[in-house]
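Asks: Following this message is one structure expressed as C-alpha coordinates.
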Amino acid sequence: MAQEQAPPCGGAVIAQGTVGHVIDANTFTLDDGREVRLAAIEVPPLAAGAAPGGAAAKAALDDALIGDDAVVLRGAQGEMLAAGFARVADRVGGRACAAELLRSEDAARRAKLGLWADPYYEVLAAAAPTDVLARRGRFALVEGQVVSVRESGATLYVNFGRHWSEDFSVTVQKRNERNFAAAGLDVKALAGRLVRVRGVIEQRGARGSPSIEAQRPEQIETAGLENR
(Lines give C-alpha, C1' and ligand atoms only; values in the text may rest on other atoms or scores of the structure.)
Protein backbone atom coordinates (compact mmCIF):
# COMPACT_ATOMS: atom_id res chain seq x y z
CA MET A 1 0.00 0.00 0.00
CA ALA A 2 1.40 3.39 -0.97
CA GLN A 3 2.10 5.67 1.94
CA GLU A 4 -0.24 8.65 2.05
CA GLN A 5 1.63 11.88 1.45
CA ALA A 6 1.25 14.67 3.96
CA PRO A 7 -0.32 17.84 2.58
CA PRO A 8 2.30 20.54 1.80
CA CYS A 9 0.79 22.92 4.36
CA GLY A 10 0.75 20.46 7.22
CA GLY A 11 -2.52 19.08 8.48
CA ALA A 12 -1.96 18.34 12.14
CA VAL A 13 -4.62 19.42 14.62
CA ILE A 14 -2.86 22.06 16.67
CA ALA A 15 -5.74 22.72 19.05
CA GLN A 16 -9.02 21.12 20.05
CA GLY A 17 -11.92 22.79 21.75
CA THR A 18 -14.86 25.08 21.20
CA VAL A 19 -14.24 28.46 19.61
CA GLY A 20 -14.92 31.13 22.18
CA HIS A 21 -14.42 34.51 20.52
CA VAL A 22 -13.18 35.74 17.16
CA ILE A 23 -10.85 38.70 17.78
CA ASP A 24 -10.05 39.67 14.20
CA ALA A 25 -9.76 38.05 10.77
CA ASN A 26 -6.96 35.67 11.77
CA THR A 27 -7.12 35.44 15.57
CA PHE A 28 -9.59 33.71 17.87
CA THR A 29 -9.77 32.20 21.34
CA LEU A 30 -10.87 28.78 22.54
CA ASP A 31 -13.21 28.21 25.43
CA ASP A 32 -10.27 27.34 27.70
CA GLY A 33 -8.71 30.76 27.10
CA ARG A 34 -6.02 29.76 24.59
CA GLU A 35 -5.51 32.20 21.71
CA VAL A 36 -5.02 30.84 18.19
CA ARG A 37 -3.57 32.90 15.34
CA LEU A 38 -3.69 31.73 11.73
CA ALA A 39 -0.26 31.75 10.09
CA ALA A 40 0.63 32.23 6.40
CA ILE A 41 -2.19 34.65 5.61
CA GLU A 42 -2.42 38.44 5.53
CA VAL A 43 -5.75 39.96 6.54
CA PRO A 44 -6.92 43.58 6.89
CA PRO A 45 -6.82 44.93 10.45
CA LEU A 46 -9.83 46.32 12.26
CA ALA A 47 -8.19 49.62 13.20
CA ALA A 48 -9.76 52.83 11.95
CA GLY A 49 -8.00 54.21 8.90
CA ALA A 50 -6.46 50.84 8.03
CA ALA A 51 -6.95 48.92 4.79
CA PRO A 52 -10.64 48.32 4.03
CA GLY A 53 -12.47 45.07 4.64
CA GLY A 54 -11.36 44.19 8.16
CA ALA A 55 -14.88 43.78 9.56
CA ALA A 56 -16.03 41.66 6.61
CA ALA A 57 -12.95 39.44 6.88
CA LYS A 58 -13.53 38.98 10.63
CA ALA A 59 -17.14 37.99 9.92
CA ALA A 60 -15.95 35.47 7.33
CA LEU A 61 -13.66 33.80 9.87
CA ASP A 62 -16.50 33.79 12.39
CA ASP A 63 -18.73 32.01 9.86
CA ALA A 64 -15.99 29.50 9.01
CA LEU A 65 -15.54 28.54 12.66
CA ILE A 66 -19.18 28.24 13.71
CA GLY A 67 -19.74 24.81 15.25
CA ASP A 68 -16.10 23.70 14.97
CA ASP A 69 -14.87 21.64 17.92
CA ALA A 70 -11.55 20.56 16.37
CA VAL A 71 -9.53 23.47 15.03
CA VAL A 72 -7.27 22.63 12.06
CA LEU A 73 -5.37 25.71 10.94
CA ARG A 74 -4.92 24.71 7.33
CA GLY A 75 -8.67 24.35 6.94
CA ALA A 76 -9.47 27.82 8.27
CA GLN A 77 -6.66 29.41 6.25
CA GLY A 78 -7.80 27.70 3.06
CA GLU A 79 -11.39 28.81 3.59
CA MET A 80 -10.38 32.42 4.15
CA LEU A 81 -8.24 32.45 1.00
CA ALA A 82 -10.83 30.66 -1.12
CA ALA A 83 -13.51 33.12 -0.01
CA GLY A 84 -11.24 36.05 -0.86
CA PHE A 85 -10.98 37.44 2.67
CA ALA A 86 -7.23 36.90 3.06
CA ARG A 87 -4.05 37.09 1.00
CA VAL A 88 -1.09 34.75 1.19
CA ALA A 89 1.47 36.31 3.53
CA ASP A 90 5.14 36.93 2.79
CA ARG A 91 6.11 34.26 5.32
CA VAL A 92 4.82 30.78 4.46
CA GLY A 93 5.99 27.29 5.38
CA GLY A 94 7.97 26.61 2.22
CA ARG A 95 7.45 26.91 -1.53
CA ALA A 96 5.21 23.83 -1.83
CA CYS A 97 2.86 25.16 0.82
CA ALA A 98 2.93 28.60 -0.79
CA ALA A 99 1.95 27.09 -4.17
CA GLU A 100 -1.11 25.45 -2.61
CA LEU A 101 -2.21 28.64 -0.86
CA LEU A 102 -1.52 30.80 -3.92
CA ARG A 103 -3.83 28.65 -6.03
CA SER A 104 -6.68 29.41 -3.63
CA GLU A 105 -5.81 33.11 -3.59
CA ASP A 106 -5.57 33.29 -7.38
CA ALA A 107 -8.97 31.64 -7.88
CA ALA A 108 -10.61 34.10 -5.48
CA ARG A 109 -8.86 37.06 -7.13
CA ARG A 110 -9.97 36.05 -10.61
CA ALA A 111 -13.55 35.66 -9.39
CA LYS A 112 -13.35 38.98 -7.47
CA LEU A 113 -14.54 37.38 -4.26
CA GLY A 114 -14.40 39.03 -0.87
CA LEU A 115 -11.66 41.65 -0.61
CA TRP A 116 -10.83 41.28 -4.31
CA ALA A 117 -14.09 43.04 -5.22
CA ASP A 118 -12.59 46.23 -3.74
CA PRO A 119 -10.24 48.12 -6.12
CA TYR A 120 -7.93 48.75 -3.16
CA TYR A 121 -6.79 45.13 -3.34
CA GLU A 122 -5.98 45.04 -7.05
CA VAL A 123 -2.43 43.96 -7.85
CA LEU A 124 -0.34 47.14 -8.20
CA ALA A 125 1.54 47.84 -11.43
CA ALA A 126 5.30 48.10 -11.00
CA ALA A 127 5.29 50.55 -13.92
CA ALA A 128 3.38 53.05 -11.73
CA PRO A 129 5.86 53.65 -8.86
CA THR A 130 3.91 56.60 -7.47
CA ASP A 131 0.88 54.35 -6.89
CA VAL A 132 3.09 51.72 -5.29
CA LEU A 133 4.76 54.24 -2.99
CA ALA A 134 1.32 55.43 -1.85
CA ARG A 135 1.03 52.05 -0.04
CA ARG A 136 4.24 52.64 1.92
CA GLY A 137 4.24 50.65 5.16
CA ARG A 138 1.44 48.35 3.99
CA PHE A 139 1.33 44.85 2.56
CA ALA A 140 0.69 44.73 -1.18
CA LEU A 141 1.10 42.67 -4.36
CA VAL A 142 3.08 44.30 -7.17
CA GLU A 143 3.49 42.95 -10.70
CA GLY A 144 5.56 43.92 -13.71
CA GLN A 145 8.37 43.04 -16.07
CA VAL A 146 11.88 43.00 -14.67
CA VAL A 147 14.24 45.30 -16.58
CA SER A 148 17.51 44.30 -14.93
CA VAL A 149 19.12 42.60 -11.94
CA ARG A 150 22.14 44.37 -10.44
CA GLU A 151 24.52 43.70 -7.57
CA SER A 152 25.69 46.36 -5.16
CA GLY A 153 27.58 45.37 -2.07
CA ALA A 154 25.63 42.73 -0.17
CA THR A 155 22.38 43.32 -2.08
CA LEU A 156 20.80 42.17 -5.34
CA TYR A 157 18.46 44.74 -6.90
CA VAL A 158 15.67 43.44 -9.12
CA ASN A 159 14.76 46.58 -11.08
CA PHE A 160 11.41 47.17 -12.75
CA GLY A 161 12.52 50.39 -14.42
CA ARG A 162 15.65 52.11 -15.73
CA HIS A 163 15.72 54.86 -13.09
CA TRP A 164 16.73 53.17 -9.85
CA SER A 165 16.10 56.32 -7.80
CA GLU A 166 12.45 56.53 -8.91
CA ASP A 167 11.24 53.13 -10.12
CA PHE A 168 10.02 50.12 -8.17
CA SER A 169 12.55 47.46 -7.19
CA VAL A 170 12.83 44.27 -5.18
CA THR A 171 15.87 43.73 -2.98
CA VAL A 172 17.36 40.36 -2.06
CA GLN A 173 20.25 40.08 0.36
CA LYS A 174 23.05 38.05 -1.24
CA ARG A 175 23.31 35.92 1.90
CA ASN A 176 19.78 34.66 1.08
CA GLU A 177 20.50 33.96 -2.60
CA ARG A 178 21.26 30.28 -2.00
CA ASN A 179 17.84 29.80 -0.39
CA PHE A 180 16.19 31.16 -3.52
CA ALA A 181 18.33 28.91 -5.71
CA ALA A 182 17.46 25.86 -3.58
CA ALA A 183 13.78 26.64 -4.20
CA GLY A 184 14.40 26.76 -7.96
CA LEU A 185 14.39 30.53 -8.27
CA ASP A 186 17.48 32.10 -9.88
CA VAL A 187 17.23 35.76 -8.89
CA LYS A 188 19.85 36.87 -11.43
CA ALA A 189 17.86 35.23 -14.24
CA LEU A 190 14.69 37.28 -13.60
CA ALA A 191 15.60 40.04 -16.09
CA GLY A 192 13.00 40.21 -18.85
CA ARG A 193 10.47 38.07 -16.98
CA LEU A 194 7.02 38.98 -15.70
CA VAL A 195 7.10 38.79 -11.92
CA ARG A 196 4.63 39.25 -9.08
CA VAL A 197 6.02 40.01 -5.64
CA ARG A 198 4.32 40.40 -2.24
CA GLY A 199 5.43 42.12 0.91
CA VAL A 200 5.47 45.43 2.77
CA ILE A 201 6.16 48.48 0.61
CA GLU A 202 9.24 50.39 1.74
CA GLN A 203 10.70 53.72 0.70
CA ARG A 204 14.30 53.42 -0.49
CA GLY A 205 16.80 56.20 -0.99
CA ALA A 206 16.62 59.96 -0.56
CA ARG A 207 14.20 60.38 -3.47
CA GLY A 208 11.85 57.75 -2.12
CA SER A 209 11.70 54.97 -4.69
CA PRO A 210 9.30 52.15 -3.69
CA SER A 211 10.74 48.75 -2.85
CA ILE A 212 9.95 45.36 -1.32
CA GLU A 213 12.58 43.25 0.41
CA ALA A 214 12.17 39.60 -0.58
CA GLN A 215 13.58 37.48 2.23
CA ARG A 216 11.96 34.23 1.06
CA PRO A 217 11.50 32.69 -2.39
CA GLU A 218 7.76 32.26 -1.91
CA GLN A 219 7.40 36.05 -2.06
CA ILE A 220 8.18 36.00 -5.79
CA GLU A 221 5.87 34.40 -8.36
CA THR A 222 6.84 33.71 -11.94
CA ALA A 223 5.05 30.49 -12.92
CA GLY A 224 2.20 30.97 -15.37
CA LEU A 225 2.28 34.77 -15.44
CA GLU A 226 3.69 35.01 -18.97
CA ASN A 227 0.99 32.68 -20.32
CA ARG A 228 -2.04 34.57 -19.06
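Chain labels run A, B, ... following the order of the C-alpha coordinates; each chain numbers its residues from 1, and ligands are numbered from 1 in the order shown.
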Pick out each residue of stretch 40-226 of chain A that DSSP on the backbone tags as helix (DSSP H, G or I); I need them as JSON, numbers by chain.
Replies: {"A": [54, 55, 56, 57, 58, 59, 60, 61, 62, 63, 64, 65, 73, 74, 75, 76, 77, 78, 79, 80, 81, 82, 95, 96, 97, 98, 99, 100, 101, 102, 103, 104, 105, 106, 107, 108, 109, 110, 111, 114, 115, 116, 117, 119, 120, 121, 129, 130, 131, 132, 133, 174, 175, 176, 177, 178, 179, 180, 181, 182, 187, 188, 189, 217, 218, 219]}
Asks: Quick one: everything within 12 Å of A:Arg103, counting only C-alpha atoms, minus sequence neighbours fewer than 4 positions away in the same chain. Send it as a VMD selection string.
Replies: chain A and resid 78 81 to 82 84 87 to 88 96 to 99 107 to 110 221 223 to 224
Asks: Determine, counting only C-alpha atoms, which protein, DNA and RNA residues have an atom within 10 Å of an atom of A:Glu177; residues of the same chain fewer than 3 positions away are not included. Present the result as a list in words.
Replies: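 The neighbour list is Thr155, Leu156, Val172, Gln173, Lys174, Phe180, Ala181, Ala182, Leu185, Asp186, Val187, Lys188, Gln215, Arg216 and Pro217 of chain A.
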Asks: Using only C-alpha atoms, which protein or nucleic acid residues come within 12 Å of A:Leu190? Drop anything in the same chain fewer than 5 positions from it, and give the result as a PyMOL selection string.
Replies: chain A and resi 144-150+156-160+170+180+184-185+195-196+220-223
Asks: Quick one: which stretch 85-115 of chain A residues come within 6 Å of stretch 36-58 of chain A, and what is the nearest atom pair for each with the distance in Å to one decimal, counting only C-alpha atoms, rows ordered by chain and ascending number, as a Markdown table?
Replies:
| residue | atom | partner | partner_atom | distance |
| --- | --- | --- | --- | --- |
| A:Phe85 | CA | A:Ala57 | CA | 5.1 |
| A:Ala86 | CA | A:Val43 | CA | 4.9 |
| A:Arg87 | CA | A:Glu42 | CA | 5.0 |
| A:Val88 | CA | A:Ile41 | CA | 4.6 |
| A:Ala89 | CA | A:Ile41 | CA | 4.5 |
| A:Arg91 | CA | A:Ala40 | CA | 5.9 |
| A:Val92 | CA | A:Ala40 | CA | 4.8 |
Asks: Wanna dump the stretch 161-197 of chain A-stretch 120-136 of chain A contacts at 9 Å for me, each residue with its shortest atom pair and the distance in Å to one decimal, counting only C-alpha atoms, ordered by chain and number, as CSV?
Replies:
residue,atom,partner,partner_atom,distance
A:Gly161,CA,A:Ala127,CA,7.3
A:Glu166,CA,A:Pro129,CA,7.2
A:Asp167,CA,A:Pro129,CA,5.5
A:Phe168,CA,A:Pro129,CA,5.5
A:Ser169,CA,A:Ala126,CA,8.2
A:Arg196,CA,A:Val123,CA,8.6
Asks: Can you check which residues of stretch 24-118 of chain A DSSP gives as strand (DSSP E or B) on the backbone and send them as an MDAnalysis selection string?
Replies: chainID A and resid 24 27:30 35:37 41:42 70:71 87:88
Asks: Residues of stretch 90-150 of chain A within 7 Å of stretch 197-208 of chain A: nearest atom pair and distance (Å, one decimal) for each, counting only C-alpha atoms, sorted by chain and number, as a tab-separated table?
Replies:
residue	atom	partner	partner_atom	distance
A:Asp90	CA	A:Gly199	CA	5.5
A:Leu133	CA	A:Ile201	CA	6.9
A:Arg135	CA	A:Ile201	CA	6.3
A:Arg136	CA	A:Ile201	CA	4.8
A:Gly137	CA	A:Ile201	CA	5.4
A:Arg138	CA	A:Val200	CA	5.1
A:Phe139	CA	A:Val200	CA	4.2
A:Ala140	CA	A:Arg198	CA	5.8
A:Leu141	CA	A:Arg198	CA	4.5
A:Val142	CA	A:Val197	CA	5.4
A:Glu143	CA	A:Val197	CA	6.4
Asks: Kindly save the residues from that selection, with N, CA and C atoms included, as a CSV table (one decimal), in the first residue's frame.
Replies:
chain,number,residue,atom,x,y,z
A,90,ASP,N,3.8,37.0,3.3
A,90,ASP,CA,5.1,36.9,2.8
A,90,ASP,C,6.0,36.0,3.6
A,133,LEU,N,4.2,53.5,-4.2
A,133,LEU,CA,4.8,54.2,-3.0
A,133,LEU,C,3.6,54.7,-2.1
A,135,ARG,N,1.3,53.1,-1.0
A,135,ARG,CA,1.0,52.1,0.0
A,135,ARG,C,2.2,51.8,0.9
A,136,ARG,N,3.1,52.8,1.0
A,136,ARG,CA,4.2,52.6,1.9
A,136,ARG,C,3.8,52.2,3.3
A,137,GLY,N,4.5,51.2,3.8
A,137,GLY,CA,4.2,50.6,5.2
A,137,GLY,C,3.1,49.6,5.2
A,138,ARG,N,2.5,49.3,4.0
A,138,ARG,CA,1.4,48.3,4.0
A,138,ARG,C,1.8,47.2,3.1
A,139,PHE,N,1.1,46.1,3.4
A,139,PHE,CA,1.3,44.8,2.6
A,139,PHE,C,0.6,45.0,1.2
A,140,ALA,N,1.3,44.6,0.1
A,140,ALA,CA,0.7,44.7,-1.2
A,140,ALA,C,1.3,43.7,-2.1
A,141,LEU,N,0.6,43.5,-3.3
A,141,LEU,CA,1.1,42.7,-4.4
A,141,LEU,C,1.4,43.6,-5.5
A,142,VAL,N,2.6,43.4,-6.1
A,142,VAL,CA,3.1,44.3,-7.2
A,142,VAL,C,3.5,43.4,-8.3
A,143,GLU,N,3.2,43.8,-9.5
A,143,GLU,CA,3.5,42.9,-10.7
A,143,GLU,C,4.0,43.8,-11.8
Asks: Find, counting only C-alpha atoms, the residue in A:Arg178, A:Ala60, A:Ala191, A:Ala111 that gets nearest to A:Asp24.
Replies: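 So, comparing all the options, the nearest one is A:Ala60.
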Asks: Do you have the atom CA of A:Leu225-atom CA of A:Asn26 distance handy?
Replies: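 That distance, rounded to one decimal, is 28.7 Å.
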Asks: For atom CA of A:Gly20 and atom CA of A:Leu115, determine how far apart the two atoms are, in Å to one decimal place.
Replies: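 Straight-line distance from atom CA of A:Gly20 to atom CA of A:Leu115 works out to 25.3 Å.
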